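Here's structure36.csv, which has CSV, C-alpha atoms:
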chain,number,residue,atom,x,y,z
A,1,MET,CA,88.0,135.9,119.5
A,2,LYS,CA,88.0,136.3,123.2
A,3,GLY,CA,90.6,138.1,125.3
A,4,LYS,CA,93.3,140.7,124.4
A,5,SER,CA,94.6,140.6,120.8
A,6,ILE,CA,98.3,139.8,120.2
A,7,LEU,CA,100.1,142.6,118.3
A,8,TYR,CA,101.0,140.1,115.5
A,9,ARG,CA,99.6,136.6,115.6
A,10,PRO,CA,100.4,134.2,112.7
A,11,ILE,CA,97.1,132.8,111.5
A,12,ILE,CA,98.2,130.0,109.1
A,13,ALA,CA,95.7,128.3,106.8
A,14,VAL,CA,96.8,125.3,104.7
A,15,THR,CA,94.9,124.2,101.6
A,16,GLY,CA,95.8,122.1,98.5
A,17,SER,CA,94.8,118.9,96.8
A,18,SER,CA,97.1,116.8,98.9
A,19,GLY,CA,99.4,117.1,101.9
A,20,LYS,CA,97.2,119.5,103.9
A,21,THR,CA,97.1,117.6,107.1
A,22,THR,CA,100.8,116.6,107.1
A,23,THR,CA,101.9,120.2,106.3
A,24,LYS,CA,99.6,121.5,109.1
A,25,GLU,CA,101.0,119.0,111.6
A,26,MET,CA,104.6,119.7,110.6
A,27,ILE,CA,104.1,123.5,111.0
A,28,ALA,CA,102.4,122.9,114.4
A,29,ALA,CA,105.2,120.5,115.6
A,30,ILE,CA,107.7,123.2,115.1
A,31,LEU,CA,105.7,126.2,116.5
A,32,LYS,CA,104.7,124.4,119.6
A,33,LYS,CA,108.4,123.9,120.5
A,34,ARG,CA,108.3,127.6,121.6
A,35,TRP,CA,104.7,128.8,121.7
A,36,LYS,CA,101.3,127.8,122.9
A,37,ILE,CA,99.3,127.3,119.7
A,38,PHE,CA,95.9,126.4,118.4
A,39,LYS,CA,95.7,123.8,115.6
A,40,SER,CA,92.8,122.2,114.0
A,41,PRO,CA,92.7,118.6,115.2
A,42,GLN,CA,93.3,115.6,112.9
A,43,ASN,CA,92.0,116.3,109.5
A,44,ARG,CA,88.9,118.4,110.6
A,45,ASN,CA,88.9,120.8,107.7
A,46,ALA,CA,85.2,121.3,106.9
A,47,ILE,CA,83.7,124.8,107.0
A,48,SER,CA,81.6,123.7,110.1
A,49,ALA,CA,84.9,122.8,111.8
A,50,THR,CA,86.5,126.2,111.0
A,51,LYS,CA,83.3,127.9,112.4
A,52,ARG,CA,83.8,125.9,115.7
A,53,HIS,CA,87.5,126.6,115.8
A,54,ALA,CA,86.8,130.4,115.6
A,55,LYS,CA,85.0,130.1,119.0
A,56,LEU,CA,87.9,128.3,120.6
A,57,LEU,CA,90.6,130.8,119.8
A,58,ARG,CA,92.0,132.7,122.9
A,59,SER,CA,94.6,135.4,123.5
A,60,VAL,CA,96.9,132.8,125.0
A,61,HIS,CA,97.3,131.2,121.5
A,62,ARG,CA,100.5,132.7,120.1
A,63,ALA,CA,99.8,131.2,116.7
A,64,VAL,CA,96.9,129.5,114.9
A,65,VAL,CA,97.4,126.6,112.4
A,66,LEU,CA,94.4,125.5,110.4
A,67,GLU,CA,93.5,123.2,107.5
A,68,TYR,CA,91.0,124.4,104.9
A,69,GLY,CA,89.2,121.7,103.0
A,70,MET,CA,87.4,122.3,99.7
A,71,GLN,CA,85.0,120.4,97.5
A,72,TYR,CA,83.2,123.2,95.7
A,73,TYR,CA,83.5,126.9,94.6
A,74,GLY,CA,83.0,129.2,97.6
A,75,ASN,CA,84.2,126.8,100.3
A,76,ILE,CA,87.5,128.5,101.0
A,77,LYS,CA,85.8,132.0,100.9
A,78,ARG,CA,83.6,130.7,103.7
A,79,HIS,CA,86.5,129.4,105.7
A,80,CYS,CA,88.2,132.8,105.5
A,81,HIS,CA,84.9,134.4,106.6
A,82,TYR,CA,85.2,132.6,109.9
A,83,ILE,CA,88.9,132.8,110.4
A,84,ARG,CA,90.9,135.1,108.1
A,85,PRO,CA,94.5,133.9,107.7
A,86,ASN,CA,97.5,136.2,107.3
A,87,ILE,CA,99.7,133.3,106.1
A,88,GLY,CA,98.3,131.1,103.4
A,89,VAL,CA,99.7,127.8,102.1
A,90,ILE,CA,98.6,126.1,98.9
A,91,THR,CA,100.4,122.8,98.9
A,92,ASN,CA,99.6,121.9,95.2
A,93,ILE,CA,96.9,121.9,92.6
A,94,GLY,CA,95.9,118.3,91.8
A,95,ARG,CA,92.9,116.3,90.8
A,96,ALA,CA,91.2,115.7,94.2
A,97,HIS,CA,87.4,116.5,93.7
A,98,ILE,CA,88.1,117.4,90.1
A,99,GLY,CA,84.7,115.9,89.2
A,100,ASN,CA,83.1,118.8,91.0
A,101,PHE,CA,84.8,121.2,88.6
A,102,GLY,CA,83.8,119.7,85.3
A,103,GLY,CA,86.9,117.5,85.2
A,104,ARG,CA,89.1,120.6,84.6
A,105,ILE,CA,92.2,121.3,86.6
A,106,GLN,CA,91.6,125.1,85.9
A,107,GLY,CA,88.4,124.8,88.0
A,108,VAL,CA,90.3,123.3,91.0
A,109,ALA,CA,92.9,126.2,90.7
A,110,LYS,CA,90.2,128.8,90.6
A,111,ALA,CA,88.5,127.4,93.7
A,112,LYS,CA,91.9,127.2,95.6
A,113,SER,CA,92.6,130.8,94.5
A,114,GLU,CA,89.9,131.9,96.9
A,115,LEU,CA,92.5,131.6,99.7
A,116,ILE,CA,94.6,134.2,97.9
A,117,ARG,CA,91.6,136.5,97.4
A,118,TYR,CA,90.1,136.3,100.9
A,119,MET,CA,93.2,135.9,103.2
A,120,LYS,CA,94.7,139.1,104.6
A,121,SER,CA,95.8,141.0,101.4
A,122,THR,CA,99.1,142.1,103.0
A,123,GLY,CA,99.9,138.7,104.4
A,124,THR,CA,102.3,136.0,103.0
A,125,LEU,CA,101.3,133.4,100.5
A,126,TRP,CA,103.4,130.1,100.2
A,127,LEU,CA,103.4,128.2,96.9
A,128,ASN,CA,105.1,125.1,95.5
A,129,ALA,CA,107.6,126.2,92.8
A,130,ASP,CA,107.7,122.6,91.4
A,131,ASP,CA,104.0,122.1,91.0
A,132,ARG,CA,103.1,123.0,87.4
A,133,HIS,CA,99.4,123.4,88.1
A,134,SER,CA,100.1,126.0,90.8
A,135,LYS,CA,100.9,128.4,87.9
A,136,LEU,CA,97.1,128.4,87.3
A,137,LEU,CA,96.5,130.1,90.6
A,138,ARG,CA,95.2,133.7,90.5
A,139,THR,CA,98.0,135.6,92.2
A,140,LYS,CA,97.5,138.8,90.2
A,141,GLY,CA,96.4,141.6,92.5
A,142,PHE,CA,97.7,140.0,95.7
A,143,ARG,CA,99.5,142.8,97.5
A,144,GLY,CA,101.3,140.6,100.1
A,145,ARG,CA,104.5,138.6,99.8
A,146,ILE,CA,104.7,135.4,97.8
A,147,MET,CA,107.3,132.8,99.0
A,148,ARG,CA,108.1,129.6,97.2
A,149,ILE,CA,109.5,126.2,98.2
A,150,GLY,CA,110.8,123.5,95.9
A,151,ILE,CA,113.3,120.9,95.0
A,152,ARG,CA,113.8,121.1,91.2
A,153,ASN,CA,113.1,124.8,90.5
A,154,LYS,CA,114.4,128.1,92.0
A,155,ALA,CA,112.7,128.7,95.3
A,156,ASP,CA,113.2,130.7,98.6
A,157,TYR,CA,113.5,127.4,100.5
A,158,ARG,CA,114.9,124.5,98.5
A,159,ALA,CA,115.8,121.0,99.4
A,160,SER,CA,118.8,119.1,98.2
A,161,GLN,CA,120.8,115.9,99.0
A,162,ILE,CA,117.7,113.8,99.6
A,163,HIS,CA,118.1,110.3,101.0
A,164,ASN,CA,115.9,107.6,102.6
A,165,ALA,CA,117.2,106.9,106.1
A,166,ASN,CA,115.9,105.0,109.1
A,167,ARG,CA,112.2,104.8,108.1
A,168,GLY,CA,112.3,108.4,107.1
A,169,THR,CA,114.0,110.9,104.8
A,170,THR,CA,116.9,113.3,105.2
A,171,PHE,CA,117.7,116.4,103.1
A,172,ARG,CA,119.5,119.7,103.3
A,173,VAL,CA,118.1,123.2,103.2
A,174,LYS,CA,120.0,126.5,103.2
A,175,LEU,CA,118.8,128.8,106.1
A,176,GLY,CA,120.4,132.2,106.4
A,177,GLY,CA,123.3,131.2,104.1
A,178,THR,CA,124.1,128.0,106.0
A,179,GLU,CA,123.1,124.5,104.8
A,180,ARG,CA,121.3,122.6,107.5
A,181,ARG,CA,120.4,118.9,107.6
A,182,PHE,CA,116.8,117.8,108.3
A,183,TYR,CA,115.2,114.5,109.1
A,184,ILE,CA,111.5,113.7,108.8
A,185,PRO,CA,110.2,110.4,110.2
A,186,ILE,CA,108.1,109.7,107.1
A,187,LEU,CA,108.8,108.4,103.6
A,188,GLY,CA,108.0,110.0,100.2
A,189,ARG,CA,109.5,112.8,98.2
A,190,HIS,CA,106.2,114.6,98.3
A,191,ASN,CA,106.6,114.9,102.1
A,192,ILE,CA,109.7,116.9,101.7
A,193,TYR,CA,107.5,119.6,100.0
A,194,ASN,CA,105.3,119.5,103.1
A,195,ALA,CA,108.3,119.9,105.4
A,196,LEU,CA,109.7,122.8,103.3
A,197,PHE,CA,106.5,124.8,103.9
A,198,ALA,CA,107.0,124.2,107.7
A,199,ILE,CA,110.7,125.1,107.5
A,200,GLY,CA,110.1,128.3,105.5
A,201,ILE,CA,107.2,129.5,107.6
A,202,SER,CA,108.9,128.8,111.0
A,203,HIS,CA,112.2,130.3,109.8
A,204,ARG,CA,110.4,133.5,108.7
A,205,LEU,CA,108.7,133.6,112.1
A,206,GLY,CA,112.1,133.7,113.8
A,207,PHE,CA,112.6,130.1,114.9
A,208,ALA,CA,116.2,128.9,115.2
A,209,PRO,CA,117.4,126.1,112.9
A,210,GLN,CA,117.7,123.6,115.8
A,211,GLN,CA,114.1,124.3,116.9
A,212,ILE,CA,112.9,123.6,113.4
A,213,GLN,CA,115.0,120.4,113.2
A,214,ASN,CA,113.7,119.2,116.5
A,215,GLY,CA,110.1,120.0,115.6
A,216,LEU,CA,110.3,118.0,112.4
A,217,HIS,CA,112.1,115.1,114.1
A,218,THR,CA,109.3,114.8,116.6
A,219,PHE,CA,106.5,115.3,114.1
A,220,GLU,CA,103.8,112.6,114.7
A,221,LYS,CA,103.0,110.6,111.6
A,222,GLN,CA,99.3,110.4,110.8
A,223,LYS,CA,97.8,106.9,110.8
A,224,ARG,CA,96.7,105.7,107.3
A,225,ARG,CA,99.0,108.2,105.6
A,226,LEU,CA,102.0,106.2,104.4
A,227,TYR,CA,102.1,104.6,107.8
A,228,VAL,CA,104.6,101.7,107.8
A,229,TYR,CA,103.9,98.5,109.8
A,230,SER,CA,106.6,95.8,110.2
A,231,LEU,CA,104.9,92.4,110.2
A,232,ARG,CA,106.0,88.8,110.6
A,233,ARG,CA,108.5,87.2,108.1
A,234,GLY,CA,110.0,90.6,107.2
A,235,ILE,CA,106.7,91.7,105.5
A,236,ARG,CA,106.2,95.5,105.4
A,237,LEU,CA,102.8,97.1,105.0
A,238,ILE,CA,102.5,100.7,103.9
A,239,ASP,CA,99.0,101.9,104.9
A,240,ASP,CA,98.0,104.9,102.8
A,241,SER,CA,94.3,104.1,102.9
A,242,TYR,CA,92.9,107.4,104.0
A,243,SER,CA,92.3,109.1,100.6
A,244,ALA,CA,93.2,108.9,97.0
A,245,ASN,CA,93.5,111.0,93.8
A,246,PRO,CA,95.8,110.4,90.8
A,247,ASP,CA,98.6,112.6,92.1
A,248,ALA,CA,98.5,111.1,95.6
A,249,VAL,CA,98.4,107.5,94.3
A,250,LYS,CA,101.5,108.2,92.1
A,251,ALA,CA,103.4,109.6,95.1
A,252,ALA,CA,102.5,106.4,97.1
A,253,LEU,CA,103.6,104.2,94.2
A,254,ASP,CA,106.9,106.1,94.2
A,255,VAL,CA,107.4,105.2,97.8
A,256,LEU,CA,106.5,101.5,97.2
A,257,SER,CA,108.9,101.4,94.2
A,258,ALA,CA,111.8,102.7,96.3
A,259,ALA,CA,111.1,100.3,99.2
A,260,GLY,CA,112.8,97.0,99.9
A,261,LYS,CA,114.4,94.7,97.4
A,262,LYS,CA,111.9,91.8,97.1
A,263,LYS,CA,108.4,91.5,95.9
A,264,LYS,CA,106.3,94.7,95.9
A,265,ILE,CA,102.5,94.6,95.7
A,266,ALA,CA,100.3,97.6,95.1
A,267,VAL,CA,96.7,97.1,96.3
A,268,LEU,CA,94.7,99.9,94.8
A,269,GLY,CA,91.1,100.9,95.2
A,270,SER,CA,88.9,103.2,93.1
A,271,MET,CA,89.5,106.9,93.3
A,272,LEU,CA,86.2,108.7,93.9
A,273,GLU,CA,85.0,112.2,92.9
A,274,LEU,CA,86.9,112.3,89.6
A,275,GLY,CA,83.7,112.7,87.6
A,276,ALA,CA,84.4,112.9,83.8
A,277,TYR,CA,88.1,112.4,84.5
A,278,SER,CA,87.5,109.0,86.1
A,279,VAL,CA,88.3,106.5,83.3
A,280,LYS,CA,91.3,108.5,82.2
A,281,GLY,CA,92.5,109.0,85.8
A,282,HIS,CA,92.4,105.2,86.6
A,283,LYS,CA,94.1,104.2,83.4
A,284,GLU,CA,96.8,106.7,84.1
A,285,ILE,CA,97.5,105.1,87.5
A,286,GLY,CA,97.8,101.7,85.8
A,287,ARG,CA,100.2,103.0,83.3
A,288,TYR,CA,102.2,104.7,86.0
A,289,ALA,CA,102.5,101.5,88.1
A,290,ALA,CA,103.8,99.7,85.0
A,291,ARG,CA,106.7,102.1,84.8
A,292,LYS,CA,107.7,101.5,88.4
A,293,ASN,CA,109.6,98.8,90.1
A,294,ILE,CA,106.5,96.9,91.2
A,295,THR,CA,105.8,93.2,90.9
A,296,HIS,CA,102.0,92.9,91.3
A,297,VAL,CA,98.9,95.1,91.1
A,298,PHE,CA,95.7,94.1,92.9
A,299,ALA,CA,92.8,96.5,92.1
A,300,ILE,CA,89.4,96.6,93.7
A,301,GLY,CA,86.2,98.5,93.1
A,302,LYS,CA,84.1,99.8,90.1
A,303,ASN,CA,87.2,101.3,88.5
A,304,ALA,CA,89.5,98.4,89.0
A,305,PRO,CA,89.2,97.3,85.3
A,306,GLN,CA,90.5,100.7,84.2
A,307,ILE,CA,93.6,100.5,86.4
A,308,ILE,CA,94.3,97.0,85.1
A,309,ALA,CA,93.7,98.1,81.5
A,310,GLY,CA,96.1,101.0,81.8
A,311,ALA,CA,98.8,98.7,83.3
A,312,LYS,CA,98.3,96.2,80.5
A,313,GLU,CA,98.6,98.8,77.8
A,314,ALA,CA,101.9,99.9,79.3
A,315,GLY,CA,103.3,96.4,79.3
A,316,PHE,CA,102.8,95.2,82.9
A,317,PRO,CA,102.9,91.3,83.0
A,318,THR,CA,99.3,90.2,82.6
A,319,GLN,CA,99.7,87.3,85.0
A,320,ASN,CA,100.6,89.8,87.8
A,321,LEU,CA,97.5,91.9,87.4
A,322,HIS,CA,94.4,91.1,89.5
A,323,SER,CA,91.0,92.8,89.5
A,324,PHE,CA,88.4,92.1,92.2
A,325,VAL,CA,84.9,93.1,93.2
A,326,SER,CA,84.9,91.3,96.5
A,327,ARG,CA,87.3,92.1,99.3
A,328,ALA,CA,87.2,88.5,100.5
A,329,GLN,CA,88.4,87.2,97.1
A,330,LEU,CA,91.2,89.8,97.1
A,331,HIS,CA,92.3,88.8,100.6
A,332,LYS,CA,92.5,85.1,99.5
A,333,ALA,CA,94.4,85.9,96.4
A,334,LEU,CA,96.8,88.3,98.2
A,335,THR,CA,97.8,85.8,100.8
A,336,GLN,CA,98.8,83.3,98.1
A,337,VAL,CA,101.2,85.9,96.6
A,338,ILE,CA,102.8,87.3,99.7
A,339,GLN,CA,106.2,85.9,100.5
A,340,PRO,CA,108.8,86.7,103.3
A,341,GLY,CA,110.2,90.2,102.7
A,342,THR,CA,107.3,91.4,100.6
A,343,THR,CA,106.3,95.1,100.8
A,344,ILE,CA,102.6,95.9,100.3
A,345,LEU,CA,101.0,99.3,99.6
A,346,VAL,CA,97.3,99.7,100.3
A,347,LYS,CA,95.9,102.9,98.7
A,348,GLY,CA,92.4,104.1,97.8
A,349,SER,CA,89.6,106.5,98.6
A,350,ASN,CA,88.4,106.5,102.2
A,351,GLN,CA,84.9,105.3,101.2
A,352,MET,CA,86.4,102.2,99.6
A,353,GLY,CA,87.1,100.8,103.0
A,354,MET,CA,90.8,100.0,102.1
A,355,ASN,CA,91.5,100.2,105.9
A,356,LYS,CA,89.7,96.8,106.2
A,357,ILE,CA,92.4,95.3,103.9
A,358,VAL,CA,95.0,96.8,106.1
A,359,ALA,CA,93.3,95.3,109.2
A,360,TYR,CA,93.2,91.9,107.6
A,361,LEU,CA,96.9,91.9,106.7
A,362,LYS,CA,97.9,93.1,110.1
A,363,GLN,CA,95.9,90.4,111.7
A,364,THR,CA,97.2,87.7,109.3
A,365,TYR,CA,100.8,88.7,109.7
A,366,TYR,CA,100.7,90.1,113.2
A,367,LYS,CA,103.9,91.1,114.9
A,368,ASN,CA,104.2,93.2,118.1
A,369,GLY,CA,105.0,96.9,117.5
A,370,ASP,CA,105.0,98.9,114.3
A,371,SER,CA,107.1,101.7,112.8
Please rewrite the model in this file as structure tokens.
Amino acid sequence: MKGKSILYRPIIAVTGSSGKTTTKEMIAAILKKRWKIFKSPQNRNAISATKRHAKLLRSVHRAVVLEYGMQYYGNIKRHCHYIRPNIGVITNIGRAHIGNFGGRIQGVAKAKSELIRYMKSTGTLWLNADDRHSKLLRTKGFRGRIMRIGIRNKADYRASQIHNANRGTTFRVKLGGTERRFYIPILGRHNIYNALFAIGISHRLGFAPQQIQNGLHTFEKQKRRLYVYSLRRGIRLIDDSYSANPDAVKAALDVLSAAGKKKKIAVLGSMLELGAYSVKGHKEIGRYAARKNITHVFAIGKNAPQIIAGAKEAGFPTQNLHSFVSRAQLHKALTQVIQPGTTILVKGSNQMGMNKIVAYLKQTYYKNGDS
């Protein structure tokens, strides 16, 4: 690190099975309202990226906001070797990369716990009080402060009065004894958890409620992460094509279920890196879709039959379930079902090329401007 050191510089590292990039961007959107900061760009969260970032830090950076990706044991330890955080965030423990941990959620929690072990031991750790698998994290022996955010359970920063509003979400949080209203320009209850981490951290760093509200209001949505396009004939396209694991797909299906009043189509691709959990995970998604207010499921990829089987088992109308190997066949069938006012969700692992389905739909139902 070049230049003079700052007496106390927040070095914030965000990890977790989902929500890392959004949480990092929300924290950064608030902190940069007052400070010059360094943040890891886009979703560059590999160990090699953290090594590069370490060389870019300067004394002028009043805070550092980073995203730590993980695929195997030892990954987060190596991130911390290059840049050791004094504020750690673990958004949740889900089933991303679970195939690399013998299909066991305990393995994911153990690997994520490396952040607790290798961050500054007197720092502050932020956890999700509503995430049941976060209870598997190894917090014993951590000498720093543990803070929690939540909606359902008791937490240091807790959201209430949640409403969808103007292509985003509003909610209230008590700060210093006073309830404050917040707006985030993004859909999905899971994004409130991401925002709560940003609210809690910035509030503890001395940011005023209005600075926090303004930062979140101007937070830039990430493309391909629940990004909403308004197309011709009142058609809405929800592009969540960047990545997928069972927990993230459920969250996206929740958003689709709550959207609009007309036909709702889920276009789902295979979820990769689930290993031994793959069959069970894909069936689980199908069953979940069947319980939601969704009219059609289009599935593509090697695991599409499992998604369809799960939905069928849970009573989803068979005539509204469609499985494809070819993207061209899916495109053709999809355009035959889409009507004015339809809302379409596209979700799948990045390697599945789901963004090509998004591009096809945007081209077919093109309208100037988007959300």
Give me the residues near Gln42 (chain A) as JSON, numbers by chain, where near means some atom within 12 Å (using all atoms listed in the file) and where sequence neighbours in that chain fewer than 5 positions away do not count. {"A": [20, 21, 22, 23, 24, 25, 28, 49, 65, 66, 67, 220, 221, 222, 223, 224, 225]}
Within 12 Å of His322 (chain A), counting all atoms listed in the file, which residues qualify if same-chain residues fewer than 3 places away don't, as number ranges by chain? A: 265-269, 286, 295-301, 304-309, 311-312, 316-319, 325-326, 329-334, 337
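Using all atoms listed in the file, the shortest contact distance between Pro246 (chain A) and any of A:Leu274, A:Ile184, A:Met70, A:Leu175 is found at A:Leu274.
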Just to confirm, what's the straight-line distance from CA of Val60 (chain A) to CA of Leu31 (chain A) in Å (one decimal)? 13.9 Å
Need to verify the contact set: Ala198 (chain A), 10 Å, only C-alpha atoms, exclusion of same-chain residues closer than 3 positions in sequence. Can you return it as a ChimeraX atom specification? /A:22-31,89,192-195,201-204,212,215-216
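You can rank A:Arg95, A:Arg148, A:Lys261, A:Arg84 by their closest distance to Gly281 (chain A) using all atoms listed in the file, and at the top of that list sits A:Arg95.
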What does the distance from CA of Ile12 (chain A) to CA of Val64 (chain A) come to in Å, to one decimal? 6.0 Å
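Of the residues listed (A:Gly99, A:Gly176, A:Gly150, A:Gly16), A:Gly16 shows the shortest atom-to-atom separation from Lys112 (chain A); distances use all atoms listed in the file.
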Rank A:Asn45, A:Ser241, A:Ser18, A:Ser121 by their smallest atom-to-atom distance to Leu226 (chain A), using all atoms listed in the file, and report the top residue only. A:Ser241
What separation in Å, quoted to one decimal, exists between CA of Lys174 (chain A) and CA of Arg189 (chain A)? 18.0 Å
Region 342-346 of chain A: which residues within 8 Å, counting all atoms listed in the file, same-chain residues fewer than 4 positions away excluded, as a PyMOL selection string? chain A and resi 234-241+252-253+256+259-260+262-268+338+354+357-358
Can you pull out the residues contacting Glu114 (chain A)? Cut-off 8 Å, using all atoms listed in the file, and skip same-chain residues under 4 positions away; I want them as a ChimeraX atom specification. /A:74,76-77,110,118
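Closest to Leu125 (chain A) among A:Pro85, A:Gly107, A:Gly94, A:Gly275 is A:Pro85, based on only C-alpha atoms.
Nearest residue to Glu284 (chain A) among A:Leu115, A:Val249, A:Leu127, A:Leu272 is A:Val249, counting only C-alpha atoms.
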